[in-house]
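Text of final.csv, listed as CSV, C-alpha atoms:
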chain,number,residue,atom,x,y,z
A,1,MET,CA,-47.4,-34.2,52.6
A,2,ALA,CA,-49.6,-33.5,55.5
A,3,TRP,CA,-50.5,-34.3,59.1
A,4,GLU,CA,-54.1,-35.5,59.6
A,5,ARG,CA,-55.8,-35.1,62.9
A,6,ARG,CA,-57.8,-38.2,63.9
A,7,LYS,CA,-61.1,-38.2,65.9
A,8,ARG,CA,-59.3,-39.7,68.9
A,9,GLY,CA,-56.9,-36.8,68.9
A,10,GLY,CA,-53.8,-38.4,67.4
A,11,ARG,CA,-51.9,-37.0,64.4
A,12,TYR,CA,-51.2,-39.2,61.3
A,13,TYR,CA,-48.6,-38.4,58.7
A,14,THR,CA,-49.6,-38.9,55.1
A,15,ARG,CA,-48.0,-38.5,51.7
A,16,SER,CA,-49.8,-37.8,48.5
A,17,ARG,CA,-48.6,-38.6,45.0
A,18,ARG,CA,-50.1,-38.7,41.5
A,19,GLU,CA,-50.5,-42.2,40.0
A,20,LYS,CA,-52.1,-42.6,36.5
A,21,GLY,CA,-53.8,-39.3,36.8
A,22,HIS,CA,-55.2,-39.9,40.3
A,23,VAL,CA,-54.0,-38.6,43.6
A,24,VAL,CA,-53.0,-41.5,45.9
A,25,ARG,CA,-52.6,-40.9,49.6
A,26,GLU,CA,-50.2,-43.0,51.4
A,27,TYR,CA,-50.6,-43.3,55.2
A,28,VAL,CA,-47.1,-43.3,56.7
A,29,GLY,CA,-47.7,-43.5,60.4
A,30,THR,CA,-47.8,-41.7,63.7
A,31,GLY,CA,-45.4,-40.9,66.6
A,32,PRO,CA,-41.7,-40.4,66.5
A,33,PHE,CA,-41.2,-42.5,63.4
A,34,ALA,CA,-43.7,-40.3,61.4
A,35,GLU,CA,-41.9,-37.2,62.8
A,36,ILE,CA,-38.6,-38.4,61.4
A,37,VAL,CA,-40.1,-39.3,58.0
A,38,ALA,CA,-41.9,-35.9,57.9
A,39,ALA,CA,-38.6,-34.1,58.7
A,40,SER,CA,-36.8,-36.1,56.0
A,41,ASP,CA,-39.5,-35.3,53.4
A,42,ARG,CA,-39.3,-31.6,54.3
A,43,THR,CA,-35.5,-31.6,53.9
A,44,ARG,CA,-35.7,-33.3,50.6
A,45,ARG,CA,-38.3,-30.8,49.4
A,46,GLU,CA,-36.2,-27.9,50.5
A,47,MET,CA,-33.1,-29.4,48.7
A,48,GLU,CA,-35.1,-29.9,45.5
A,49,GLU,CA,-36.4,-26.3,45.7
A,50,ALA,CA,-32.8,-25.0,46.2
A,51,GLU,CA,-31.6,-27.1,43.2
A,52,ARG,CA,-34.4,-25.7,41.1
A,53,GLU,CA,-33.4,-22.1,42.1
A,54,GLN,CA,-29.8,-22.8,41.3
A,55,GLU,CA,-30.7,-24.2,37.9
A,56,GLY,CA,-32.8,-21.1,37.3
A,57,ASP,CA,-29.9,-18.9,38.2
A,58,ARG,CA,-27.6,-20.9,36.0
A,59,GLN,CA,-30.0,-20.6,33.0
A,60,ARG,CA,-30.4,-16.9,33.6
A,61,ARG,CA,-26.6,-16.4,33.6
A,62,GLU,CA,-26.2,-18.5,30.5
A,63,MET,CA,-29.0,-16.5,28.7
A,64,GLU,CA,-27.2,-13.3,29.6
A,65,ARG,CA,-23.9,-14.6,28.3
A,66,LEU,CA,-25.5,-15.6,25.0
A,67,GLU,CA,-27.4,-12.3,24.7
A,68,ALA,CA,-24.1,-10.5,25.2
A,69,LEU,CA,-22.4,-12.6,22.5
A,70,ALA,CA,-25.3,-12.0,20.1
A,71,ALA,CA,-25.6,-8.2,20.8
A,72,PRO,CA,-22.9,-7.0,18.3
A,73,ILE,CA,-24.1,-9.4,15.6
A,74,LEU,CA,-27.7,-8.2,16.1
A,75,GLU,CA,-26.4,-4.6,15.8
A,76,LEU,CA,-24.6,-5.5,12.6
A,77,SER,CA,-27.7,-7.2,11.3
A,78,GLU,CA,-29.9,-4.2,12.1
A,79,ALA,CA,-27.4,-1.8,10.4
A,80,ALA,CA,-27.4,-4.0,7.3
A,81,GLU,CA,-31.2,-4.0,7.3
A,82,ILE,CA,-31.5,-0.2,7.5
A,83,LEU,CA,-28.8,0.3,4.8
A,84,ILE,CA,-30.4,-2.2,2.4
A,85,ARG,CA,-33.8,-0.6,2.9
A,86,ALA,CA,-32.4,2.9,2.4
A,87,HIS,CA,-30.5,1.9,-0.8
A,88,LEU,CA,-33.6,0.2,-2.2
A,89,MET,CA,-35.8,3.2,-1.4
A,90,ALA,CA,-33.2,5.6,-2.9
A,91,CYS,CA,-33.0,3.4,-6.1
A,92,GLY,CA,-36.8,3.7,-6.6
A,93,TYR,CA,-37.9,0.4,-5.2
A,94,HIS,CA,-41.0,0.0,-3.1
A,95,ARG,CA,-42.4,-2.8,-1.1
A,96,HIS,CA,-45.5,-4.6,-2.3
A,97,LYS,CA,-46.8,-7.3,0.1
A,98,GLY,CA,-43.4,-7.7,1.5
A,99,GLU,CA,-41.7,-8.0,-1.9
A,100,TRP,CA,-39.4,-5.3,-3.2
A,101,ARG,CA,-40.4,-4.0,-6.6
A,102,ARG,CA,-39.0,-1.3,-8.9
A,103,ALA,CA,-41.4,1.5,-9.7
A,104,ARG,CA,-42.1,2.0,-13.4
A,105,GLY,CA,-40.0,4.8,-15.0
A,106,GLU,CA,-37.5,4.9,-12.1
A,107,ARG,CA,-33.9,4.5,-12.7
B,1,MET,CA,-27.6,-3.3,23.5
B,2,PRO,CA,-24.7,-1.6,25.2
B,3,GLU,CA,-26.4,-2.2,28.6
B,4,ALA,CA,-26.9,-5.9,27.8
B,5,ASN,CA,-23.3,-6.2,26.8
B,6,ALA,CA,-22.0,-4.4,29.9
B,7,LYS,CA,-24.2,-6.4,32.2
B,8,ALA,CA,-23.4,-9.8,30.7
B,9,LYS,CA,-19.7,-9.5,30.3
B,10,PRO,CA,-18.2,-9.1,33.7
B,11,GLY,CA,-14.5,-8.8,33.7
B,12,HIS,CA,-14.5,-6.7,30.5
B,13,THR,CA,-13.9,-3.0,30.8
B,14,PRO,CA,-16.4,-0.7,29.0
B,15,GLY,CA,-13.6,0.4,26.8
B,16,ALA,CA,-13.0,-3.1,25.5
B,17,LEU,CA,-16.7,-3.6,24.9
B,18,GLU,CA,-16.9,-0.5,22.7
B,19,ARG,CA,-14.8,-2.3,20.1
B,20,TYR,CA,-17.8,-4.4,19.5
B,21,GLN,CA,-20.4,-1.7,19.2
B,22,LEU,CA,-21.1,0.8,16.5
B,23,PRO,CA,-19.8,4.3,17.2
B,24,VAL,CA,-22.5,6.9,18.2
B,25,GLU,CA,-22.1,8.9,15.0
B,26,VAL,CA,-22.7,5.8,13.0
B,27,ARG,CA,-25.8,4.9,15.0
B,28,GLU,CA,-27.1,8.5,14.5
B,29,SER,CA,-26.5,8.2,10.7
B,30,LEU,CA,-28.4,4.9,10.7
B,31,GLU,CA,-31.3,6.4,12.6
B,32,GLU,CA,-31.5,9.2,10.2
B,33,LEU,CA,-31.5,6.8,7.2
B,34,ARG,CA,-34.2,4.7,8.9
B,35,GLU,CA,-36.4,7.8,9.3
B,36,LEU,CA,-35.8,9.0,5.8
B,37,SER,CA,-36.6,5.5,4.4
B,38,ALA,CA,-39.8,5.4,6.3
B,39,ARG,CA,-40.9,8.8,5.0
B,40,ALA,CA,-39.9,7.9,1.5
B,41,GLU,CA,-41.8,4.6,1.7
B,42,ALA,CA,-44.8,6.6,2.8
B,43,GLY,CA,-44.6,8.5,-0.5
B,44,ASP,CA,-42.6,11.6,0.6
B,45,THR,CA,-40.6,12.5,-2.6
B,46,GLU,CA,-38.5,15.1,-0.7
B,47,ALA,CA,-37.5,12.4,1.8
B,48,ARG,CA,-36.4,10.2,-1.1
B,49,LYS,CA,-34.2,13.0,-2.5
B,50,GLU,CA,-32.7,13.6,0.9
B,51,LEU,CA,-32.2,9.9,1.4
B,52,LYS,CA,-30.1,9.7,-1.8
B,53,GLN,CA,-28.0,12.6,-0.7
B,54,LYS,CA,-27.5,11.2,2.8
B,55,LEU,CA,-26.6,7.8,1.4
B,56,ARG,CA,-23.9,9.3,-0.8
B,57,GLU,CA,-22.5,11.2,2.2
B,58,SER,CA,-22.7,8.6,4.9
B,59,SER,CA,-23.1,5.1,3.4
B,60,PRO,CA,-19.4,4.2,2.8
B,61,ALA,CA,-18.4,5.1,6.4
B,62,VAL,CA,-21.5,3.4,7.9
B,63,VAL,CA,-20.9,0.2,5.8
B,64,ALA,CA,-17.2,0.2,6.7
B,65,ARG,CA,-17.8,0.6,10.4
B,66,ALA,CA,-20.6,-1.9,10.5
B,67,SER,CA,-18.5,-4.5,8.6
B,68,ASP,CA,-15.7,-3.9,11.0
B,69,VAL,CA,-17.9,-4.4,14.1
B,70,GLY,CA,-19.2,-7.5,12.5
B,71,ARG,CA,-15.8,-9.0,12.0
B,72,LYS,CA,-14.7,-8.1,15.5
B,73,ALA,CA,-17.9,-9.6,16.9
B,74,GLN,CA,-17.1,-12.9,15.1
B,75,HIS,CA,-13.6,-13.0,16.6
B,76,LEU,CA,-15.2,-12.4,20.0
B,77,LEU,CA,-17.5,-15.3,19.4
B,78,ILE,CA,-14.8,-17.6,18.3
B,79,GLU,CA,-12.5,-16.6,21.2
B,80,THR,CA,-15.3,-17.0,23.8
B,81,VAL,CA,-16.7,-20.3,22.5
B,82,PHE,CA,-13.7,-22.1,21.2
B,83,GLY,CA,-11.0,-20.3,23.3
B,84,GLY,CA,-8.4,-22.7,24.6
B,85,SER,CA,-8.4,-24.7,21.4
B,86,PRO,CA,-6.1,-22.7,19.0
B,87,LEU,CA,-6.6,-25.4,16.3
B,88,THR,CA,-10.4,-25.1,16.3
B,89,GLU,CA,-10.1,-21.3,16.3
B,90,LEU,CA,-7.8,-21.3,13.3
B,91,ALA,CA,-10.0,-23.8,11.4
B,92,LEU,CA,-13.1,-21.8,12.1
B,93,SER,CA,-11.5,-18.5,11.0
B,94,GLY,CA,-10.4,-20.2,7.8
B,95,ARG,CA,-13.9,-21.6,7.2
B,96,LEU,CA,-15.4,-18.2,7.8
B,97,ASP,CA,-13.0,-16.6,5.3
B,98,MET,CA,-13.9,-19.3,2.7
B,99,MET,CA,-17.6,-18.6,3.3
B,100,ARG,CA,-17.0,-14.9,2.9
B,101,GLU,CA,-15.4,-15.5,-0.5
B,102,GLU,CA,-18.2,-17.8,-1.6
B,103,VAL,CA,-21.0,-15.5,-0.5
B,104,ALA,CA,-19.5,-12.2,-1.6
B,105,GLY,CA,-18.3,-13.4,-5.0
B,106,GLU,CA,-15.9,-11.4,-7.1
B,107,ASN,CA,-15.5,-7.7,-6.7
B,108,PRO,CA,-18.3,-7.2,-4.2
B,109,THR,CA,-19.7,-3.7,-3.6
B,110,PRO,CA,-19.3,-2.3,0.0
B,111,LEU,CA,-22.9,-3.1,0.6
B,112,GLU,CA,-22.4,-6.7,-0.5
B,113,VAL,CA,-19.4,-6.9,1.8
B,114,LEU,CA,-21.7,-5.8,4.7
B,115,LEU,CA,-24.3,-8.4,3.8
B,116,THR,CA,-21.7,-11.1,3.5
B,117,GLU,CA,-20.5,-10.2,7.0
B,118,ARG,CA,-24.1,-10.4,8.2
B,119,VAL,CA,-24.6,-13.9,6.7
B,120,VAL,CA,-21.3,-15.2,8.1
B,121,ALA,CA,-21.9,-13.7,11.5
B,122,CYS,CA,-25.4,-15.1,11.7
B,123,TRP,CA,-24.1,-18.5,10.6
B,124,MET,CA,-21.5,-18.3,13.4
B,125,LEU,CA,-24.0,-17.3,16.0
B,126,VAL,CA,-26.3,-20.2,15.1
B,127,GLU,CA,-23.3,-22.6,15.4
B,128,VAL,CA,-22.6,-21.2,18.8
B,129,PHE,CA,-26.2,-21.5,19.9
B,130,ASP,CA,-26.3,-25.1,18.6
B,131,ARG,CA,-23.4,-26.1,20.8
Give the structure from this file in structure tokens form.
Amino acid sequence: MAWERRKRGGRYYTRSRREKGHVVREYVGTGPFAEIVAASDRTRREMEEAEREQEGDRQRREMERLEALAAPILELSEAAEILIRAHLMACGYHRHKGEWRRARGER
Amino acid sequence: MPEANAKAKPGHTPGALERYQLPVEVRESLEELRELSARAEAGDTEARKELKQKLRESSPAVVARASDVGRKAQHLLIETVFGGSPLTELALSGRLDMMREEVAGENPTPLEVLLTERVVACWMLVEVFDR
């Protein structure tokens, strides 16, 4: 959305939008009518921005809630991982290309 | 992880949150086991001997506490997500118990119990995230 200055000195309010990959400029008008349309467009943009911010906050809060729910289970998972690895190592296993194998002669 | 918990669960006191975390001594034991495993994996035979010794000393307690935290965490999940619907809570608890029996089999070792808790807890978490 922009005001264009004309050669004769007047201001013309225009809107731009994308249509089939091209930018199309729509000439709205001039004078008080254009001022009202411009103010209305500005308000709508501000409201959309505020909504996007609110949605972002809501998503952040939801993500924090899910992280908090997952935290103890991730802790349990990590503990199990460490213990399994420790037991396998202690029993003489070793990792070969990601696969656990028992070393020859180990018991 | 404690910070994440404390930040994301307003309304819960830190004391209540601790029920869902491993105690400090258990974390220290795990860290020790992790380091010894890494050294043993790198070929350090002394580390492997020490690892066996440490496992004998600390493994039962660590397994028990980790399993306990896992179970409590599952209850927290069920309460948080399905709270307000006692029937759903009961049904889900029953389903988790059945899953435990199925996964662990007969006479599971403590380590198998822990792994079962892990499987069940992760299944539950995926269910919650899918909702």
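CA of Lys52 in chain B lies 15.8 Å from CA of Arg102 in chain A.
The space separating CA of Glu26 in chain A from CA of Thr43 in chain A comes to 18.8 Å.
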Next on the checklist: So that I can see what lies close to Leu77 in chain B, please list as number ranges by chain the residues with an atom at most 9 Å from it, counting all atoms listed in the file and leaving out residues fewer than 3 positions away in the same chain.
Outcome noted: A: 69-70; B: 72-74, 80-82, 124-125, 128
Item to check | Exercise: range 27-33 of chain A partners within 8 Å, all atoms listed in the file, chain neighbours under 3 positions left out, as a list in words | outcome: Gly10, Arg11, Tyr12, Tyr13, Thr14, Arg15, Ile36 and Val37 of chain A
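Counting from CA of Ala64 in chain B, the distance to CA of Ala38 in chain B is 23.2 Å.
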Item to check | Neighbour list for range 28-32 of chain B as a list in words, cut-off 10 Å, only C-alpha atoms, skip fewer than 3 positions in-chain | outcome: Glu78, Ala79, Ala80, Glu81, Ile82, Leu83 and Ala86 of chain A; Leu22, Pro23, Val24, Glu25, Glu35, Leu36, Ser37, Ala38, Leu51, Lys54, Leu55, Glu57, Ser58, Ser59, Ala61 and Val62 of chain B
What would the file look like if the residues just selected were written as a PDB file, keeping the file's coordinate frame with C-alpha atoms?
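Saved the output as result_25.pdb:
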ATOM      1  CA  GLU A  78     -29.900  -4.200  12.100  1.00  0.00           C
ATOM      2  CA  ALA A  79     -27.400  -1.800  10.400  1.00  0.00           C
ATOM      3  CA  ALA A  80     -27.400  -4.000   7.300  1.00  0.00           C
ATOM      4  CA  GLU A  81     -31.200  -4.000   7.300  1.00  0.00           C
ATOM      5  CA  ILE A  82     -31.500  -0.200   7.500  1.00  0.00           C
ATOM      6  CA  LEU A  83     -28.800   0.300   4.800  1.00  0.00           C
ATOM      7  CA  ALA A  86     -32.400   2.900   2.400  1.00  0.00           C
TER       8      ALA A  86
ATOM      9  CA  LEU B  22     -21.100   0.800  16.500  1.00  0.00           C
ATOM     10  CA  PRO B  23     -19.800   4.300  17.200  1.00  0.00           C
ATOM     11  CA  VAL B  24     -22.500   6.900  18.200  1.00  0.00           C
ATOM     12  CA  GLU B  25     -22.100   8.900  15.000  1.00  0.00           C
ATOM     13  CA  GLU B  35     -36.400   7.800   9.300  1.00  0.00           C
ATOM     14  CA  LEU B  36     -35.800   9.000   5.800  1.00  0.00           C
ATOM     15  CA  SER B  37     -36.600   5.500   4.400  1.00  0.00           C
ATOM     16  CA  ALA B  38     -39.800   5.400   6.300  1.00  0.00           C
ATOM     17  CA  LEU B  51     -32.200   9.900   1.400  1.00  0.00           C
ATOM     18  CA  LYS B  54     -27.500  11.200   2.800  1.00  0.00           C
ATOM     19  CA  LEU B  55     -26.600   7.800   1.400  1.00  0.00           C
ATOM     20  CA  GLU B  57     -22.500  11.200   2.200  1.00  0.00           C
ATOM     21  CA  SER B  58     -22.700   8.600   4.900  1.00  0.00           C
ATOM     22  CA  SER B  59     -23.100   5.100   3.400  1.00  0.00           C
ATOM     23  CA  ALA B  61     -18.400   5.100   6.400  1.00  0.00           C
ATOM     24  CA  VAL B  62     -21.500   3.400   7.900  1.00  0.00           C
TER      25      VAL B  62
END
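Comparing B:Glu127, B:Glu102, B:Asp44, B:Glu117 by their smallest distance to Gly70 in chain B, the closest is B:Glu117 (using all atoms listed in the file).
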Checklist entry - Would you list which chain A residues are within 12 Å of chain B using all atoms listed in the file, as a PyMOL selection string? => result chain A and resi 60-96+100+103
What would range 59-85 of chain A look like with N, CA and C atoms restored, written as a compact mmCIF listing (two decimals), in the coordinates of the input?
# COMPACT_ATOMS: atom_id res chain seq x y z
N GLN A 59 -29.37 -20.89 34.37
CA GLN A 59 -30.00 -20.60 33.00
C GLN A 59 -30.02 -19.15 32.73
N ARG A 60 -30.34 -18.34 33.77
CA ARG A 60 -30.40 -16.90 33.60
C ARG A 60 -29.01 -16.37 33.17
N ARG A 61 -27.97 -16.84 33.89
CA ARG A 61 -26.60 -16.40 33.60
C ARG A 61 -26.18 -16.80 32.19
N GLU A 62 -26.55 -18.03 31.80
CA GLU A 62 -26.20 -18.50 30.50
C GLU A 62 -26.92 -17.68 29.40
N MET A 63 -28.19 -17.35 29.67
CA MET A 63 -29.00 -16.50 28.70
C MET A 63 -28.32 -15.16 28.58
N GLU A 64 -27.88 -14.58 29.70
CA GLU A 64 -27.20 -13.30 29.60
C GLU A 64 -25.94 -13.33 28.83
N ARG A 65 -25.20 -14.43 29.01
CA ARG A 65 -23.90 -14.60 28.30
C ARG A 65 -24.21 -14.69 26.78
N LEU A 66 -25.22 -15.46 26.43
CA LEU A 66 -25.50 -15.60 25.00
C LEU A 66 -26.05 -14.32 24.40
N GLU A 67 -26.84 -13.59 25.19
CA GLU A 67 -27.40 -12.30 24.70
C GLU A 67 -26.21 -11.34 24.44
N ALA A 68 -25.23 -11.36 25.36
CA ALA A 68 -24.10 -10.50 25.20
C ALA A 68 -23.27 -10.84 23.96
N LEU A 69 -23.16 -12.14 23.69
CA LEU A 69 -22.40 -12.60 22.50
C LEU A 69 -23.17 -12.20 21.23
N ALA A 70 -24.49 -12.26 21.31
CA ALA A 70 -25.30 -12.00 20.10
C ALA A 70 -25.45 -10.49 19.84
N ALA A 71 -25.31 -9.67 20.89
CA ALA A 71 -25.60 -8.20 20.80
C ALA A 71 -24.89 -7.56 19.59
N PRO A 72 -23.56 -7.70 19.46
CA PRO A 72 -22.90 -7.00 18.30
C PRO A 72 -23.36 -7.51 16.98
N ILE A 73 -23.69 -8.80 16.90
CA ILE A 73 -24.10 -9.40 15.60
C ILE A 73 -25.54 -8.88 15.28
N LEU A 74 -26.35 -8.74 16.30
CA LEU A 74 -27.70 -8.20 16.10
C LEU A 74 -27.59 -6.74 15.62
N GLU A 75 -26.60 -6.04 16.19
CA GLU A 75 -26.40 -4.60 15.80
C GLU A 75 -25.96 -4.55 14.34
N LEU A 76 -25.04 -5.41 13.96
CA LEU A 76 -24.60 -5.50 12.60
C LEU A 76 -25.76 -5.81 11.65
N SER A 77 -26.58 -6.74 12.08
CA SER A 77 -27.70 -7.20 11.30
C SER A 77 -28.71 -6.04 11.10
N GLU A 78 -28.94 -5.30 12.18
CA GLU A 78 -29.90 -4.20 12.10
C GLU A 78 -29.34 -3.10 11.17
N ALA A 79 -28.04 -2.82 11.29
CA ALA A 79 -27.40 -1.80 10.40
C ALA A 79 -27.56 -2.21 8.96
N ALA A 80 -27.31 -3.49 8.66
CA ALA A 80 -27.40 -4.00 7.30
C ALA A 80 -28.87 -3.83 6.79
N GLU A 81 -29.80 -4.12 7.66
CA GLU A 81 -31.20 -4.00 7.30
C GLU A 81 -31.59 -2.58 6.92
N ILE A 82 -31.14 -1.65 7.77
CA ILE A 82 -31.50 -0.20 7.50
C ILE A 82 -30.82 0.24 6.21
N LEU A 83 -29.56 -0.13 6.01
CA LEU A 83 -28.80 0.30 4.80
C LEU A 83 -29.47 -0.26 3.54
N ILE A 84 -29.82 -1.52 3.58
CA ILE A 84 -30.40 -2.20 2.40
C ILE A 84 -31.74 -1.48 2.07
N ARG A 85 -32.53 -1.26 3.09
CA ARG A 85 -33.80 -0.60 2.90
C ARG A 85 -33.63 0.78 2.30
